[in-house]
>>> print(open('work.cif').read())   # mmCIF, C-alpha atoms and all ligand atoms
data_coords
loop_
_atom_site.label_atom_id
_atom_site.label_comp_id
_atom_site.auth_asym_id
_atom_site.auth_seq_id
_atom_site.Cartn_x
_atom_site.Cartn_y
_atom_site.Cartn_z
CA MET A 29 0.00 0.00 0.00
CA HIS A 30 1.21 3.50 -0.84
CA SER A 31 2.98 5.29 2.04
CA ASP A 32 0.83 8.43 1.57
CA VAL A 33 -2.30 6.40 2.22
CA VAL A 34 -0.79 4.84 5.36
CA ARG A 35 0.16 8.29 6.66
CA ALA A 36 -3.32 9.63 5.79
CA ALA A 37 -4.94 6.81 7.79
CA GLU A 38 -2.67 7.64 10.76
CA LEU A 39 -3.73 11.29 10.57
CA LEU A 40 -7.41 10.24 10.67
CA ARG A 41 -6.72 8.08 13.74
CA ALA A 42 -5.13 11.15 15.37
CA GLY A 43 -8.38 13.07 14.77
CA GLU A 44 -7.12 15.15 11.82
CA LEU A 45 -8.78 15.96 8.49
CA VAL A 46 -7.60 14.39 5.21
CA ALA A 47 -9.02 15.33 1.81
CA PHE A 48 -9.17 12.44 -0.64
CA PRO A 49 -10.36 11.71 -4.18
CA THR A 50 -13.53 9.77 -4.86
CA GLU A 51 -14.96 9.01 -8.28
CA THR A 52 -17.58 11.76 -7.73
CA VAL A 53 -15.74 14.74 -6.18
CA TYR A 54 -12.99 15.22 -3.58
CA GLY A 55 -14.11 14.55 0.00
CA LEU A 56 -13.04 16.20 3.26
CA GLY A 57 -12.60 13.17 5.50
CA ALA A 58 -12.60 12.58 9.25
CA ASP A 59 -13.01 9.50 11.46
CA ALA A 60 -16.79 8.99 11.39
CA LEU A 61 -16.79 7.74 15.00
CA ASN A 62 -14.81 10.69 16.44
CA PRO A 63 -17.10 13.67 17.23
CA SER A 64 -14.26 16.16 17.76
CA ALA A 65 -12.73 15.24 14.38
CA ILE A 66 -16.17 15.68 12.79
CA ALA A 67 -16.42 19.14 14.36
CA LYS A 68 -13.28 20.11 12.41
CA ILE A 69 -15.09 19.35 9.13
CA PHE A 70 -17.86 21.82 9.93
CA ALA A 71 -15.30 24.46 10.99
CA ALA A 72 -13.19 24.00 7.83
CA LYS A 73 -16.20 24.18 5.50
CA GLY A 74 -18.09 26.91 7.36
CA ARG A 75 -21.04 24.52 7.21
CA PRO A 76 -24.12 24.67 9.51
CA ALA A 77 -23.90 21.87 12.11
CA ASP A 78 -27.31 20.38 11.27
CA HIS A 79 -26.22 19.31 7.77
CA PRO A 80 -25.61 15.55 7.83
CA LEU A 81 -22.50 13.97 6.31
CA ILE A 82 -22.06 10.91 4.11
CA VAL A 83 -20.10 8.08 5.75
CA HIS A 84 -17.78 6.34 3.29
CA LEU A 85 -17.23 2.66 4.07
CA PRO A 86 -14.51 0.19 3.06
CA PRO A 87 -15.91 -2.71 1.00
CA SER A 88 -15.12 -5.01 3.93
CA ALA A 89 -17.37 -3.07 6.36
CA ARG A 90 -20.57 -4.70 7.63
CA LEU A 91 -23.59 -2.62 6.68
CA ASP A 92 -25.28 -3.71 9.91
CA ASP A 93 -22.56 -2.03 12.00
CA TRP A 94 -23.66 1.31 10.56
CA ALA A 95 -27.37 0.86 9.84
CA ARG A 96 -30.23 -1.09 11.42
CA GLU A 97 -33.38 -2.57 9.97
CA VAL A 98 -31.72 -2.57 6.55
CA PRO A 99 -34.43 -3.34 3.97
CA SER A 100 -33.73 -5.97 1.32
CA GLY A 101 -33.97 -3.30 -1.39
CA ALA A 102 -31.02 -1.47 0.20
CA ARG A 103 -28.94 -4.64 0.22
CA ARG A 104 -29.75 -5.23 -3.45
CA LEU A 105 -28.77 -1.64 -4.36
CA ALA A 106 -25.50 -1.96 -2.44
CA GLU A 107 -24.80 -5.25 -4.20
CA ALA A 108 -25.56 -3.73 -7.61
CA PHE A 109 -23.86 -0.33 -7.30
CA TRP A 110 -21.13 -0.49 -4.60
CA PRO A 111 -18.37 0.42 -4.93
CA GLY A 112 -19.86 3.32 -6.87
CA PRO A 113 -21.60 6.72 -6.87
CA LEU A 114 -24.78 5.76 -4.95
CA THR A 115 -25.50 6.89 -1.36
CA LEU A 116 -28.13 5.09 0.71
CA ILE A 117 -29.99 6.74 3.60
CA LEU A 118 -30.83 4.15 6.26
CA GLN A 119 -31.81 4.00 9.93
CA ARG A 120 -28.61 4.69 11.83
CA GLN A 121 -26.87 2.25 14.13
CA SER A 122 -26.32 3.55 17.69
CA GLN A 123 -22.52 3.91 17.29
CA VAL A 124 -22.96 6.66 14.64
CA PRO A 125 -22.49 10.04 16.37
CA ASP A 126 -25.13 12.80 16.25
CA GLN A 127 -22.50 15.10 14.72
CA VAL A 128 -22.48 12.91 11.58
CA THR A 129 -26.25 12.63 11.18
CA GLY A 130 -27.17 16.19 12.12
CA GLY A 131 -29.04 14.69 15.08
CA GLN A 132 -31.31 12.63 12.79
CA ASP A 133 -32.02 8.93 13.27
CA THR A 134 -30.76 8.18 9.75
CA VAL A 135 -27.28 7.87 8.27
CA ALA A 136 -26.00 8.29 4.70
CA LEU A 137 -23.67 5.46 3.57
CA ARG A 138 -21.65 4.73 0.46
CA VAL A 139 -18.67 2.66 -0.72
CA PRO A 140 -16.78 4.79 -3.28
CA ARG A 141 -14.92 3.15 -6.17
CA HIS A 142 -11.90 5.44 -6.69
CA PRO A 143 -8.80 3.26 -6.17
CA VAL A 144 -7.14 5.82 -3.83
CA ALA A 145 -10.36 6.11 -1.76
CA LEU A 146 -10.57 2.31 -1.52
CA ASP A 147 -6.92 2.00 -0.39
CA PHE A 148 -7.43 4.80 2.12
CA LEU A 149 -10.62 3.23 3.52
CA GLU A 150 -9.00 -0.19 3.80
CA ALA A 151 -5.93 1.31 5.50
CA PHE A 152 -8.17 3.14 7.97
CA GLY A 153 -10.42 0.12 8.43
CA SER A 154 -13.55 2.04 9.45
CA GLY A 155 -16.02 4.64 8.21
CA ILE A 156 -14.80 8.02 7.00
CA ALA A 157 -17.32 10.87 7.16
CA ALA A 158 -16.72 13.15 4.20
CA PRO A 159 -18.69 15.97 2.63
CA SER A 160 -17.34 17.58 -0.52
CA ALA A 161 -14.02 19.33 0.20
CA ASN A 162 -15.15 22.90 -0.55
CA ARG A 163 -16.34 25.86 1.50
CA TYR A 164 -20.07 25.61 2.26
CA GLY A 165 -22.28 26.41 -0.77
CA ARG A 166 -19.41 26.63 -3.25
CA ILE A 167 -18.43 24.46 -6.20
CA SER A 168 -17.33 20.92 -5.35
CA PRO A 169 -13.65 20.17 -6.09
CA THR A 170 -12.75 17.68 -8.81
CA LEU A 171 -8.95 18.15 -8.65
CA ALA A 172 -6.57 18.08 -5.65
CA ARG A 173 -5.51 21.61 -6.58
CA HIS A 174 -9.08 22.88 -6.04
CA VAL A 175 -9.02 21.56 -2.45
CA VAL A 176 -5.70 23.21 -1.68
CA GLU A 177 -6.88 26.52 -3.17
CA GLU A 178 -10.10 26.46 -1.19
CA LEU A 179 -9.27 24.87 2.17
CA GLY A 180 -5.48 25.28 2.38
CA SER A 181 -4.13 24.81 5.89
CA ALA A 182 -7.48 23.65 7.34
CA VAL A 183 -6.63 20.17 6.00
CA SER A 184 -3.69 18.10 7.31
CA MET A 185 -3.19 16.30 4.02
CA VAL A 186 -4.64 16.12 0.51
CA LEU A 187 -4.36 12.78 -1.29
CA ASP A 188 -4.02 13.45 -5.02
CA GLY A 189 -5.90 11.00 -7.24
CA GLY A 190 -6.11 13.13 -10.37
CA ALA A 191 -9.36 14.34 -11.94
CA CYS A 192 -12.56 12.77 -10.56
CA GLU A 193 -14.07 10.38 -13.10
CA VAL A 194 -17.75 11.23 -12.53
CA GLY A 195 -17.35 14.90 -11.58
CA ILE A 196 -20.68 15.47 -9.80
CA GLU A 197 -21.93 14.19 -6.45
CA SER A 198 -23.45 10.75 -5.84
CA THR A 199 -27.09 9.82 -6.36
CA ILE A 200 -28.82 9.74 -2.94
CA VAL A 201 -31.73 7.35 -2.26
CA ASP A 202 -33.62 7.37 1.05
CA LEU A 203 -34.70 3.87 2.12
CA SER A 204 -35.21 4.70 5.78
CA ARG A 205 -38.99 5.04 5.73
CA GLY A 206 -40.53 2.27 3.64
CA GLU A 207 -40.89 4.16 0.40
CA ALA A 208 -37.74 4.63 -1.74
CA VAL A 209 -37.14 8.34 -2.42
CA LEU A 210 -34.61 9.94 -4.74
CA LEU A 211 -33.14 12.81 -2.67
CA ARG A 212 -30.38 13.86 -5.05
CA PRO A 213 -30.10 12.83 -8.71
CA GLY A 214 -26.72 11.64 -9.95
CA LEU A 215 -25.23 9.78 -12.86
CA ILE A 216 -26.78 6.52 -11.64
CA GLY A 217 -30.24 7.38 -12.93
CA ALA A 218 -33.67 6.57 -11.50
CA GLU A 219 -34.46 3.81 -14.04
CA ARG A 220 -31.37 1.79 -13.09
CA ILE A 221 -32.29 2.06 -9.42
CA GLU A 222 -35.92 1.19 -10.09
CA SER A 223 -34.96 -1.88 -12.09
CA VAL A 224 -32.91 -3.21 -9.14
CA LEU A 225 -35.60 -2.30 -6.59
CA GLY A 226 -38.42 -3.62 -8.77
CA ARG A 227 -40.59 -0.63 -7.87
CA PRO A 228 -40.78 3.08 -8.70
CA LEU A 229 -38.80 5.74 -6.87
CA SER A 230 -40.50 8.83 -5.52
CA VAL A 231 -38.67 12.01 -6.34
CA ALA A 232 -37.78 14.94 -4.09
CA ASP A 233 -35.46 17.19 -6.04
CA ALA A 234 -35.10 20.66 -7.46
CA LEU A 235 -36.75 19.80 -10.76
CA ALA A 236 -39.83 18.31 -9.17
CA LYS A 237 -40.08 21.26 -6.79
CA PRO A 238 -38.59 24.54 -8.03
CA ALA A 239 -35.91 25.94 -5.78
CA PRO A 240 -37.13 28.75 -3.51
CA ARG A 241 -35.44 32.14 -3.72
CA VAL A 242 -34.28 32.11 -0.13
CA SER A 243 -30.74 33.10 0.62
CA GLY A 244 -28.86 30.44 2.57
CA SER A 245 -31.32 27.72 1.54
CA HIS A 246 -30.15 24.46 -0.01
CA ALA A 247 -31.13 25.94 -3.37
CA ALA A 248 -28.03 28.12 -3.38
CA HIS A 249 -25.43 25.39 -3.78
CA TYR A 250 -22.54 24.66 -6.12
CA ALA A 251 -22.47 28.39 -6.70
CA PRO A 252 -19.81 30.45 -8.44
CA GLY A 253 -19.35 34.09 -7.33
CA THR A 254 -20.08 35.29 -10.89
CA PRO A 255 -23.82 35.38 -11.73
CA LEU A 256 -24.80 32.22 -13.58
CA ARG A 257 -27.65 32.25 -16.08
CA LEU A 258 -29.24 29.38 -17.97
CA VAL A 259 -30.26 30.23 -21.51
CA ARG A 260 -32.19 28.03 -23.95
CA PRO A 261 -30.13 27.03 -27.01
CA ASP A 262 -32.43 28.94 -29.38
CA ARG A 263 -31.88 32.18 -27.38
CA LEU A 264 -28.14 31.89 -26.86
CA ARG A 265 -26.95 33.89 -29.85
CA GLU A 266 -29.42 36.69 -29.18
CA VAL A 267 -28.55 36.97 -25.49
CA LEU A 268 -24.82 37.00 -26.17
CA ASN A 269 -25.13 39.53 -28.98
CA ALA A 270 -27.07 41.83 -26.66
CA GLN A 271 -24.29 41.51 -24.10
CA ARG A 272 -21.69 42.30 -26.76
CA HIS A 273 -23.61 45.42 -27.86
CA ALA A 274 -23.72 46.54 -24.25
CA GLY A 275 -19.93 46.15 -24.09
CA HIS A 276 -20.02 43.15 -21.76
CA ARG A 277 -17.85 40.05 -21.86
CA CYS A 278 -19.40 36.86 -20.59
CA ALA A 279 -18.19 33.32 -20.09
CA VAL A 280 -20.20 30.75 -22.03
CA ILE A 281 -20.60 27.06 -21.26
CA ALA A 282 -22.07 25.34 -24.30
CA TYR A 283 -22.45 21.80 -25.57
CA SER A 284 -24.05 22.13 -29.00
CA GLN A 285 -23.19 25.50 -30.44
CA PRO A 286 -19.90 26.36 -32.06
CA ALA A 287 -18.34 29.66 -31.00
CA PHE A 288 -19.77 32.65 -32.90
CA ALA A 289 -17.30 34.51 -35.04
CA GLU A 290 -16.16 37.85 -33.61
CA SER A 291 -17.53 36.94 -30.18
CA PRO A 292 -15.79 38.78 -27.32
CA HIS A 293 -17.05 36.12 -24.95
CA VAL A 294 -14.98 33.31 -23.46
CA TRP A 295 -16.28 29.96 -24.71
CA ARG A 296 -15.97 26.63 -23.03
CA MET A 297 -17.43 23.67 -24.92
CA LEU A 298 -18.45 20.66 -22.84
CA ALA A 299 -19.34 17.20 -24.15
CA ALA A 300 -22.83 16.73 -25.57
CA ASP A 301 -23.39 13.59 -23.46
CA PRO A 302 -24.27 13.79 -19.73
CA ALA A 303 -21.29 11.76 -18.45
CA GLY A 304 -18.73 13.77 -20.42
CA TYR A 305 -20.45 17.02 -19.46
CA ALA A 306 -20.52 16.13 -15.75
CA HIS A 307 -16.83 15.22 -15.81
CA ASP A 308 -15.79 18.77 -16.76
CA LEU A 309 -18.61 20.94 -15.41
CA TYR A 310 -17.19 21.94 -12.02
CA SER A 311 -13.66 22.61 -13.23
CA ALA A 312 -15.12 24.75 -16.04
CA LEU A 313 -17.23 26.70 -13.53
CA ARG A 314 -14.22 27.30 -11.28
CA GLU A 315 -12.00 28.41 -14.14
CA LEU A 316 -14.62 30.75 -15.64
CA ASP A 317 -15.57 32.11 -12.21
CA SER A 318 -11.97 33.19 -11.64
CA MET A 319 -11.96 35.39 -14.78
CA GLY A 320 -14.10 38.18 -13.33
CA LEU A 321 -16.49 38.31 -16.31
CA ARG A 322 -20.00 39.80 -16.29
CA ALA A 323 -21.84 36.48 -16.13
CA ILE A 324 -21.48 32.78 -16.81
CA VAL A 325 -24.06 32.03 -19.50
CA VAL A 326 -24.88 28.33 -19.69
CA GLU A 327 -26.57 26.80 -22.71
CA LEU A 328 -29.49 24.93 -21.12
CA PRO A 329 -29.02 21.17 -21.55
CA PRO A 330 -31.95 19.09 -22.81
CA GLU A 331 -34.82 18.30 -20.43
CA GLY A 332 -35.23 14.65 -19.59
CA GLU A 333 -34.00 11.86 -17.40
CA ALA A 334 -30.48 11.51 -18.81
CA TRP A 335 -29.64 15.13 -17.95
CA ARG A 336 -31.57 15.32 -14.69
CA ALA A 337 -28.53 15.36 -12.35
CA ILE A 338 -26.79 18.04 -14.40
CA LEU A 339 -29.90 20.23 -14.59
CA ASP A 340 -30.25 19.87 -10.80
CA ARG A 341 -26.69 21.16 -10.25
CA LEU A 342 -27.10 23.97 -12.80
CA PHE A 343 -30.39 25.16 -11.28
CA ARG A 344 -28.77 25.23 -7.85
CA SER A 345 -25.71 27.02 -9.22
CA ALA A 346 -27.98 29.65 -10.66
CA ALA A 347 -29.43 29.83 -7.11
CA GLY A 348 -33.00 30.61 -8.00
CA SER A 349 -32.24 33.07 -10.79
CA GLY A 350 -33.93 30.65 -13.19
CA ILE A 351 -33.84 30.47 -16.96
CA ALA A 352 -33.07 33.80 -18.59
CA ASP A 353 -35.76 34.15 -21.25
CA ASP A 354 -34.77 37.73 -22.03
CA ASP A 355 -31.43 39.40 -22.48
CA ARG A 356 -31.23 41.03 -19.07
CA LEU A 357 -28.46 39.34 -17.10
P1 LIG A 401 -22.00 16.60 0.60
O1 LIG A 401 -21.76 17.10 1.98
O2 LIG A 401 -21.73 17.62 -0.42
O3 LIG A 401 -21.29 15.30 0.36
O4 LIG A 401 -23.52 16.26 0.53
C1 LIG A 401 -24.06 15.34 1.43
C2 LIG A 401 -25.50 15.16 1.10
O5 LIG A 401 -26.03 14.04 1.80
C3 LIG A 401 -26.33 16.36 1.51
O6 LIG A 401 -27.23 16.66 0.47
C4 LIG A 401 -27.03 15.84 2.74
O7 LIG A 401 -28.23 16.54 2.97
C5 LIG A 401 -27.24 14.38 2.41
N1 LIG A 401 -27.42 13.54 3.60
C6 LIG A 401 -26.47 13.07 4.41
N2 LIG A 401 -27.00 12.37 5.44
C7 LIG A 401 -28.33 12.40 5.27
C8 LIG A 401 -29.44 11.89 5.99
N3 LIG A 401 -29.28 11.19 7.11
N4 LIG A 401 -30.68 12.13 5.52
C9 LIG A 401 -30.86 12.84 4.39
N5 LIG A 401 -29.84 13.37 3.65
C10 LIG A 401 -28.60 13.16 4.09
MG MG A 402 -21.12 19.50 -0.95
#
>>> encode(input="work.cif", output="structure tokens")
Amino acid sequence: MHSDVVRAAELLRAGELVAFPTETVYGLGADALNPSAIAKIFAAKGRPADHPLIVHLPPSARLDDWAREVPSGARRLAEAFWPGPLTLILQRQSQVPDQVTGGQDTVALRVPRHPVALDFLEAFGSGIAAPSANRYGRISPTLARHVVEELGSAVSMVLDGGACEVGIESTIVDLSRGEAVLLRPGLIGAERIESVLGRPLSVADALAKPAPRVSGSHAAHYAPGTPLRLVRPDRLREVLNAQRHAGHRCAVIAYSQPAFAESPHVWRMLAADPAGYAHDLYSALRELDSMGLRAIVVELPPEGEAWRAILDRLFRSAAGSGIADDDRL
């Protein structure tokens, strides 16, 4: 096993924070059974204490040590998708501290599949509580460099595992109360989960229920400092031309349109498929956000199941500003 991973596991045992790569985004890890280590996560992120954390488990962990009354559907999902980007919400076992669950009687569990995360979890030999390794409400990190830029000395060590393969956060399914509910869409889509469960999922996400315009609410997440606006593909040229006439430079994230000639705007093309798009979305947002432009104009991806997780993140990034149907930005 790599010496960095062994040292990282020792730091966790000493109650320190270690950031590590997962296949979704980088996590800010602490010993899930050590309440004072968990407190350091909330301090480093500037995160309200009632927000629960996901506990990452080594593949060798026993689900029943972390959750009780585990329904058979949860075991089937774990069997089908772990290690992988699916988080299950279950009734918590008594050893799981209140600090991890936000005082709730449920716990979020997942076995990630990034090889460095798996080595780290096996070296530690227990659960690692880890939210995304960014300041509260900001864009999740998908490179080790992003973590260092954002959290710096608040973290004892950052394990570098390169660019995250998936690039957006895990799908979250709540199985703690009989019904199976999709709490956060991800690249493992609802149909795949339903086919393993053999029954439909209920949905509780931003697309089913439009995000409220309340500052500090969960709606304002994954947010760049630059205003972010979603624009339908058929309006993109018009909106950007209006900005050009007004003397404004914008950043543009597009997936279908080639750059317009003589555009003063900064273009970033992402892949036209959801997996490729998700892989690069957060690093594109960070890069464009750092340029101090008037707005980040995002070509609205297609509606529909395949793009659901990406639309969810984009709507939250736009933090309630919605789809710009006119050219006011
Ligand atoms: P992050 O901190 O970015 O990894 O996001 C963790 C996500 O898991 C948040 O959306 C939490 O609200 C959610 N979560 C964690 N634990 C629970 C739980 N017990 N019940 C419901 N959602 C949870
Ligand atoms: Mg997060």
>>> residues_around(input="work.cif", residues="range 208-222 of chain A", least_positions_apart="4", cutoff="7 Å", atoms="only C-alpha atoms", output="PDB file with C-alpha atoms, in the frame of the given file")
ATOM      1  CA  GLU A 197     -21.930  14.190  -6.450  1.00  0.00           C
ATOM      2  CA  SER A 198     -23.450  10.750  -5.840  1.00  0.00           C
ATOM      3  CA  THR A 199     -27.090   9.820  -6.360  1.00  0.00           C
ATOM      4  CA  ILE A 200     -28.820   9.740  -2.940  1.00  0.00           C
ATOM      5  CA  VAL A 201     -31.730   7.350  -2.260  1.00  0.00           C
ATOM      6  CA  ASP A 202     -33.620   7.370   1.050  1.00  0.00           C
ATOM      7  CA  LEU A 203     -34.700   3.870   2.120  1.00  0.00           C
ATOM      8  CA  GLY A 226     -38.420  -3.620  -8.770  1.00  0.00           C
ATOM      9  CA  ARG A 227     -40.590  -0.630  -7.870  1.00  0.00           C
ATOM     10  CA  PRO A 228     -40.780   3.080  -8.700  1.00  0.00           C
ATOM     11  CA  LEU A 229     -38.800   5.740  -6.870  1.00  0.00           C
ATOM     12  CA  SER A 230     -40.500   8.830  -5.520  1.00  0.00           C
ATOM     13  CA  VAL A 231     -38.670  12.010  -6.340  1.00  0.00           C
ATOM     14  CA  ALA A 232     -37.780  14.940  -4.090  1.00  0.00           C
ATOM     15  CA  ASP A 233     -35.460  17.190  -6.040  1.00  0.00           C
ATOM     16  CA  ARG A 336     -31.570  15.320 -14.690  1.00  0.00           C
ATOM     17  CA  ALA A 337     -28.530  15.360 -12.350  1.00  0.00           C
TER      18      ALA A 337
END
>>> closest_atom_pairs(input="work.cif", of="chain A", to="ligand MG 402 (chain A)", cutoff="9 Å", atoms="only C-alpha atoms and all ligand atoms", output="CSV")
residue,atom,partner,partner_atom,distance
A:Val53,CA,A:MG402,MG,8.9
A:Gly55,CA,A:MG402,MG,8.6
A:Pro159,CA,A:MG402,MG,5.6
A:Ser160,CA,A:MG402,MG,4.3
A:Ala161,CA,A:MG402,MG,7.2
A:Asn162,CA,A:MG402,MG,6.9
A:Arg163,CA,A:MG402,MG,8.3
A:Tyr164,CA,A:MG402,MG,7.0
A:Gly165,CA,A:MG402,MG,7.0
A:Arg166,CA,A:MG402,MG,7.7
A:Ile167,CA,A:MG402,MG,7.7
A:Ser168,CA,A:MG402,MG,6.0
A:Glu197,CA,A:MG402,MG,7.7
A:His249,CA,A:MG402,MG,7.8
A:Tyr250,CA,A:MG402,MG,7.4
>>> atom_distance(input="work.cif", atom1="CA of Gly153 in chain A", atom2="CA of Glu193 in chain A")
24.1 Å
>>> closest_residue(input="work.cif", among="A:Leu258, A:Ile324, A:Val124, A:Ile338", to="ligand LIG 401 (chain A)", atoms="all atoms listed in the file")
A:Val124
>>> residues_around(input="work.cif", residues="Leu137 in chain A", least_positions_apart="4", cutoff="6 Å", atoms="all atoms listed in the file", output="PDB file with C-alpha atoms, keeping the file's coordinate frame")
ATOM      1  CA  ILE A  82     -22.060  10.910   4.110  1.00  0.00           C
ATOM      2  CA  VAL A  83     -20.100   8.080   5.750  1.00  0.00           C
ATOM      3  CA  HIS A  84     -17.780   6.340   3.290  1.00  0.00           C
ATOM      4  CA  THR A 115     -25.500   6.890  -1.360  1.00  0.00           C
ATOM      5  CA  LEU A 116     -28.130   5.090   0.710  1.00  0.00           C
TER       6      LEU A 116
END
>>> residues_near_ligand(input="work.cif", ligand="ligand LIG 401 (chain A)", cutoff="6 Å", atoms="all atoms listed in the file", output="ChimeraX atom specification")
/A:79-82,117,129,134-136,159-160
>>> write_last_selection(input="work.cif", atoms="C-alpha atoms", output="tab-separated table (two decimals), in the frame of the given file")
chain	number	residue	atom	x	y	z
A	79	HIS	CA	-26.22	19.31	7.77
A	80	PRO	CA	-25.61	15.55	7.83
A	81	LEU	CA	-22.50	13.97	6.31
A	82	ILE	CA	-22.06	10.91	4.11
A	117	ILE	CA	-29.99	6.74	3.60
A	129	THR	CA	-26.25	12.63	11.18
A	134	THR	CA	-30.76	8.18	9.75
A	135	VAL	CA	-27.28	7.87	8.27
A	136	ALA	CA	-26.00	8.29	4.70
A	159	PRO	CA	-18.69	15.97	2.63
A	160	SER	CA	-17.34	17.58	-0.52
>>> residues_around(input="work.cif", residues="Pro49 in chain A", least_positions_apart="5", cutoff="7 Å", atoms="all atoms listed in the file", output="PyMOL selection string")
chain A and resi 54-55+142+144-145+187-189+192
>>> residues_around(input="work.cif", residues="Met297 in chain A", least_positions_apart="6", cutoff="9 Å", atoms="only C-alpha atoms", output="PyMOL selection string")
chain A and resi 280-287
>>> residues_around(input="work.cif", residues="Ala191 in chain A", least_positions_apart="5", cutoff="8 Å", atoms="all atoms listed in the file", output="PyMOL selection string")
chain A and resi 170-172
>>> atom_distance(input="work.cif", atom1="CA of Pro76 in chain A", atom2="CA of Gly130 in chain A")
9.4 Å
>>> closest_residue(input="work.cif", among="A:Pro86, A:Glu177, A:Phe152, A:Ala60", to="Val33 in chain A", atoms="only C-alpha atoms")
A:Phe152
>>> closest_residue(input="work.cif", among="A:Leu339, A:Ala102, A:Ala299, A:Ala71", to="Ile196 in chain A", atoms="only C-alpha atoms")
A:Leu339
>>> closest_residue(input="work.cif", among="A:Asp93, A:Val267, A:Arg141, A:Arg104", to="Gln119 in chain A", atoms="all atoms listed in the file")
A:Asp93
>>> closest_residue(input="work.cif", among="A:Ser204, A:Gln271, A:Thr254, A:Gln127", to="Met319 in chain A", atoms="all atoms listed in the file")
A:Thr254
>>> atom_distance(input="work.cif", atom1="CA of Ala182 in chain A", atom2="CA of Asp317 in chain A")
22.8 Å
>>> closest_residue(input="work.cif", among="A:Gly253, A:Pro261, A:Gly155, A:Gly332", to="Leu40 in chain A", atoms="all atoms listed in the file")
A:Gly155
>>> axis_aligned_box(input="work.cif", around="range 63-66 of chain A", padding_each_side="5 Å", output="AutoDock Vina command-line options")
--center_x -14.9 --center_y 14.9 --center_z 15.3 --size_x 14.4 --size_y 12.5 --size_z 15.0
>>> residues_near_point(input="work.cif", point="(-10.2, 12.0, 12.4)", cutoff="6 Å", atoms="only C-alpha atoms", output="VMD selection string")
chain A and resid 40 to 45 58 to 59 65
